[in-house]
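This report refers to the structure that appears directly beneath it.
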Amino acid sequence: MAGTKEPGPGVPGTRKVQERVIRTQEDQGGIAARVEELITPYVTAQGLEVVEVEYHRPARGRATLRIYLDRPGVGGITLEEITRMSRVIGELLDVHDPIGPSYTLEVSSPGLTRELKGPRDFARYAGRKVRLTSRRPVDGRQVHRGILKGLEGDEVLLEVQGALLRLSLEDIAKARLDL
């Protein structure tokens with residue numbers, strides 16, 4: 001709108017809103033970390049692994065706790081295992097109550113085109129087809145599809161049409177397994 005100003009750092013009340021948003025993000029990350037710490041021993045004892053835990057509490061509505069599980073190695077996690085682990089994790093969270101208010105629990109697999117999040121994933125999925133998006137163009141492109149060759153130091157090695165492409169972990173904006 002013409003004549004309206006965005007509140008800036010000097011506008012009264014803006015700092016409180018910014019502090020509340022930051023505190024909320026920290027609280028959500030802290031809850032996810034506590035949940036992961038709580039469930040990991042139980043999940044690991046079943047031969048599974050916790051891939052990621054996300055907790056999101058919107059300004060309005062019900063919070064969501066998403067837990068992604070997988071079976072290391074070939075084959076992945078089954079629907080039956082996800083169902084069983086959802087019940088076990090739900091009971092565990094009910095007993096220890098690390099979250100407090102009501103929330104929706106979602107337990108699932110990270111999927112066939114899962115996101116690769118860190119060095120461990122780039123080493124683990126060597127030999128698989130991936131799709132990487134770089135923060136800046138490399139060889140005139142930002143989206144690169146090829147065979148993940150692994151990790152050397154802080155560089156991801158990707159074979160693209162017979163040529164070896166090296167991308168710094170810092171230069172990768174997004175990475176997923178590809179079909």
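How things are named: the first chain in the structure tokens is A, the next is B, and so on; residues count from 1 in each chain; ligands count from 1 in the order shown.
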
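Near Tyr103 in chain A, within 9 Å and counting only C-alpha atoms, sit Arg57, Arg62, Ala63, Thr64 and Leu65 of chain A; same-chain residues fewer than 5 positions away were not included.
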
Quiz prompt | Residue list (strand (DSSP E or B), DSSP) for range 39-163 of chain A, as number ranges by chain | solution = A: 49-56, 63-70, 103-108, 115, 129-138, 141-152, 155-160, 163

Let me see the file: selected residues, N, CA and C atoms, as a short mmCIF file (atom, residue, chain, number, x, y, z; two decimals), in the first residue's frame.
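The resulting selection_14.cif:
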data_model
loop_
_atom_site.label_atom_id
_atom_site.label_comp_id
_atom_site.auth_asym_id
_atom_site.auth_seq_id
_atom_site.Cartn_x
_atom_site.Cartn_y
_atom_site.Cartn_z
N GLU A 49 16.87 -46.77 12.14
CA GLU A 49 17.56 -45.54 12.48
C GLU A 49 16.62 -44.35 12.37
N VAL A 50 16.88 -43.36 13.20
CA VAL A 50 16.14 -42.10 13.14
C VAL A 50 16.85 -41.24 12.09
N VAL A 51 16.15 -40.93 11.02
CA VAL A 51 16.73 -40.12 9.95
C VAL A 51 16.58 -38.64 10.30
N GLU A 52 15.40 -38.27 10.79
CA GLU A 52 15.16 -36.86 11.12
C GLU A 52 13.94 -36.75 12.02
N VAL A 53 13.95 -35.73 12.87
CA VAL A 53 12.81 -35.39 13.70
C VAL A 53 12.51 -33.92 13.47
N GLU A 54 11.26 -33.61 13.12
CA GLU A 54 10.84 -32.22 12.91
C GLU A 54 9.68 -31.92 13.85
N TYR A 55 9.71 -30.75 14.45
CA TYR A 55 8.59 -30.31 15.27
C TYR A 55 8.21 -28.92 14.81
N HIS A 56 6.92 -28.75 14.53
CA HIS A 56 6.45 -27.45 14.05
C HIS A 56 5.17 -27.07 14.78
N ALA A 63 0.12 -28.50 16.71
CA ALA A 63 1.52 -28.76 16.39
C ALA A 63 1.65 -30.12 15.70
N THR A 64 2.75 -30.29 14.97
CA THR A 64 3.04 -31.55 14.28
C THR A 64 4.44 -32.01 14.63
N LEU A 65 4.54 -33.26 15.02
CA LEU A 65 5.83 -33.90 15.27
C LEU A 65 6.00 -34.96 14.19
N ARG A 66 7.00 -34.77 13.31
CA ARG A 66 7.27 -35.72 12.22
C ARG A 66 8.57 -36.45 12.53
N ILE A 67 8.50 -37.77 12.45
CA ILE A 67 9.67 -38.60 12.70
C ILE A 67 9.87 -39.48 11.47
N TYR A 68 11.06 -39.38 10.88
CA TYR A 68 11.40 -40.17 9.71
C TYR A 68 12.34 -41.30 10.15
N LEU A 69 11.94 -42.53 9.87
CA LEU A 69 12.72 -43.71 10.23
C LEU A 69 13.11 -44.47 8.98
N ASP A 70 14.19 -45.22 9.07
CA ASP A 70 14.61 -46.06 7.95
C ASP A 70 15.35 -47.27 8.48
N TYR A 103 -0.48 -32.46 20.04
CA TYR A 103 0.21 -32.41 18.76
C TYR A 103 -0.20 -33.62 17.94
N THR A 104 0.10 -33.59 16.67
CA THR A 104 -0.13 -34.72 15.78
C THR A 104 1.21 -35.42 15.55
N LEU A 105 1.25 -36.72 15.78
CA LEU A 105 2.46 -37.51 15.55
C LEU A 105 2.38 -38.15 14.18
N GLU A 106 3.42 -37.94 13.37
CA GLU A 106 3.53 -38.57 12.06
C GLU A 106 4.84 -39.33 12.00
N VAL A 107 4.77 -40.63 11.76
CA VAL A 107 5.97 -41.46 11.63
C VAL A 107 5.96 -42.01 10.22
N SER A 108 7.07 -41.81 9.50
CA SER A 108 7.11 -42.28 8.12
C SER A 108 8.54 -42.57 7.67
N GLU A 115 15.77 -36.56 0.88
CA GLU A 115 16.74 -35.47 0.87
C GLU A 115 18.04 -35.95 1.51
N LYS A 129 21.75 -42.68 -7.99
CA LYS A 129 21.43 -41.50 -8.79
C LYS A 129 20.93 -40.40 -7.86
N VAL A 130 21.41 -39.18 -8.08
CA VAL A 130 21.01 -38.05 -7.26
C VAL A 130 20.72 -36.83 -8.12
N ARG A 131 20.02 -35.90 -7.51
CA ARG A 131 19.76 -34.60 -8.12
C ARG A 131 20.24 -33.56 -7.13
N LEU A 132 21.22 -32.75 -7.53
CA LEU A 132 21.78 -31.70 -6.67
C LEU A 132 21.45 -30.34 -7.25
N THR A 133 21.11 -29.41 -6.38
CA THR A 133 20.93 -28.02 -6.78
C THR A 133 22.02 -27.22 -6.08
N SER A 134 22.82 -26.52 -6.88
CA SER A 134 23.91 -25.72 -6.31
C SER A 134 23.44 -24.29 -6.05
N ARG A 135 24.10 -23.64 -5.11
CA ARG A 135 23.75 -22.27 -4.74
C ARG A 135 24.09 -21.29 -5.87
N ARG A 136 25.07 -21.63 -6.67
CA ARG A 136 25.46 -20.79 -7.80
C ARG A 136 25.73 -21.72 -8.98
N PRO A 137 25.65 -21.21 -10.19
CA PRO A 137 25.89 -22.08 -11.36
C PRO A 137 27.29 -22.69 -11.35
N VAL A 138 27.36 -23.96 -11.69
CA VAL A 138 28.61 -24.68 -11.88
C VAL A 138 28.53 -25.29 -13.27
N ARG A 141 25.23 -24.48 -14.97
CA ARG A 141 23.96 -25.04 -14.49
C ARG A 141 23.91 -25.02 -12.96
N GLN A 142 22.68 -24.98 -12.46
CA GLN A 142 22.50 -25.08 -11.01
C GLN A 142 21.92 -26.43 -10.60
N VAL A 143 21.23 -27.11 -11.51
CA VAL A 143 20.68 -28.43 -11.23
C VAL A 143 21.55 -29.46 -11.93
N HIS A 144 22.02 -30.44 -11.15
CA HIS A 144 22.93 -31.46 -11.66
C HIS A 144 22.38 -32.83 -11.31
N ARG A 145 22.25 -33.68 -12.33
CA ARG A 145 21.80 -35.06 -12.11
C ARG A 145 22.92 -35.99 -12.53
N GLY A 146 23.15 -37.00 -11.69
CA GLY A 146 24.18 -37.97 -12.02
C GLY A 146 24.31 -39.03 -10.95
N ILE A 147 25.42 -39.75 -11.00
CA ILE A 147 25.70 -40.82 -10.04
C ILE A 147 26.60 -40.25 -8.95
N LEU A 148 26.15 -40.37 -7.72
CA LEU A 148 26.92 -39.90 -6.58
C LEU A 148 28.11 -40.84 -6.39
N LYS A 149 29.30 -40.30 -6.43
CA LYS A 149 30.52 -41.09 -6.30
C LYS A 149 31.06 -41.08 -4.87
N GLY A 150 30.47 -40.24 -4.03
CA GLY A 150 30.90 -40.21 -2.64
C GLY A 150 31.35 -38.83 -2.22
N LEU A 151 32.19 -38.84 -1.20
CA LEU A 151 32.63 -37.60 -0.57
C LEU A 151 34.14 -37.65 -0.38
N GLU A 152 34.83 -36.59 -0.75
CA GLU A 152 36.27 -36.45 -0.51
C GLU A 152 36.47 -35.16 0.26
N GLU A 155 34.07 -32.15 -0.30
CA GLU A 155 33.58 -32.09 -1.67
C GLU A 155 32.76 -33.32 -2.01
N VAL A 156 31.60 -33.08 -2.62
CA VAL A 156 30.75 -34.15 -3.12
C VAL A 156 31.18 -34.44 -4.54
N LEU A 157 31.37 -35.72 -4.85
CA LEU A 157 31.79 -36.14 -6.18
C LEU A 157 30.57 -36.69 -6.92
N LEU A 158 30.32 -36.13 -8.10
CA LEU A 158 29.15 -36.51 -8.89
C LEU A 158 29.58 -36.78 -10.32
N GLU A 159 29.24 -37.96 -10.82
CA GLU A 159 29.53 -38.29 -12.20
C GLU A 159 28.34 -37.85 -13.06
N VAL A 160 28.60 -36.90 -13.95
CA VAL A 160 27.55 -36.37 -14.83
C VAL A 160 27.98 -36.63 -16.27
N ALA A 163 31.66 -37.34 -16.91
CA ALA A 163 32.63 -36.40 -16.33
C ALA A 163 32.42 -36.31 -14.82
#

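Nearest residue to Ile99 in chain A, choosing from A:Leu164, A:Leu179, A:Leu79, A:Val35 and counting only C-alpha atoms: A:Val35.
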
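In terms of minimum interatomic distance to Val95 in chain A, A:Leu38 ranks closest within A:Leu167, A:Leu38, A:Leu177, A:Leu116, counting only C-alpha atoms.
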
Quiz prompt | Separation of CA of Gly118 in chain A from CA of Ile172 in chain A in Å | solution = 10.1 Å

Practice problem: Could you tell me, as a ChimeraX atom specification, which residues of range 15-112 of chain A DSSP assigns to helix (DSSP H, G or I) when given the backbone? | Solution: /A:15-45,79-96

Exercise. Quick one: pull the distance between CA of Pro110 in chain A and CA of Gln161 in chain A, Å, one decimal.
Key: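 Taking CA of Pro110 in chain A and CA of Gln161 in chain A, their separation equals 27.6 Å.
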
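The space separating CA of Arg34 in chain A from CA of Pro98 in chain A comes to 6.9 Å.
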
Quiz prompt | Minimum-distance residue to Thr40 in chain A, chosen among A:Ala59, A:Asp121, A:Val88, A:Ala173 (using only C-alpha atoms) | solution =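 That would be A:Val88, the residue with the smallest distance to Thr40 in chain A.
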
Quiz item: Taking only C-alpha atoms into account, which of A:Pro58, A:Pro72, A:Gly29, A:Gly111 comes nearest Gln46 in chain A?
Solution: A:Pro72
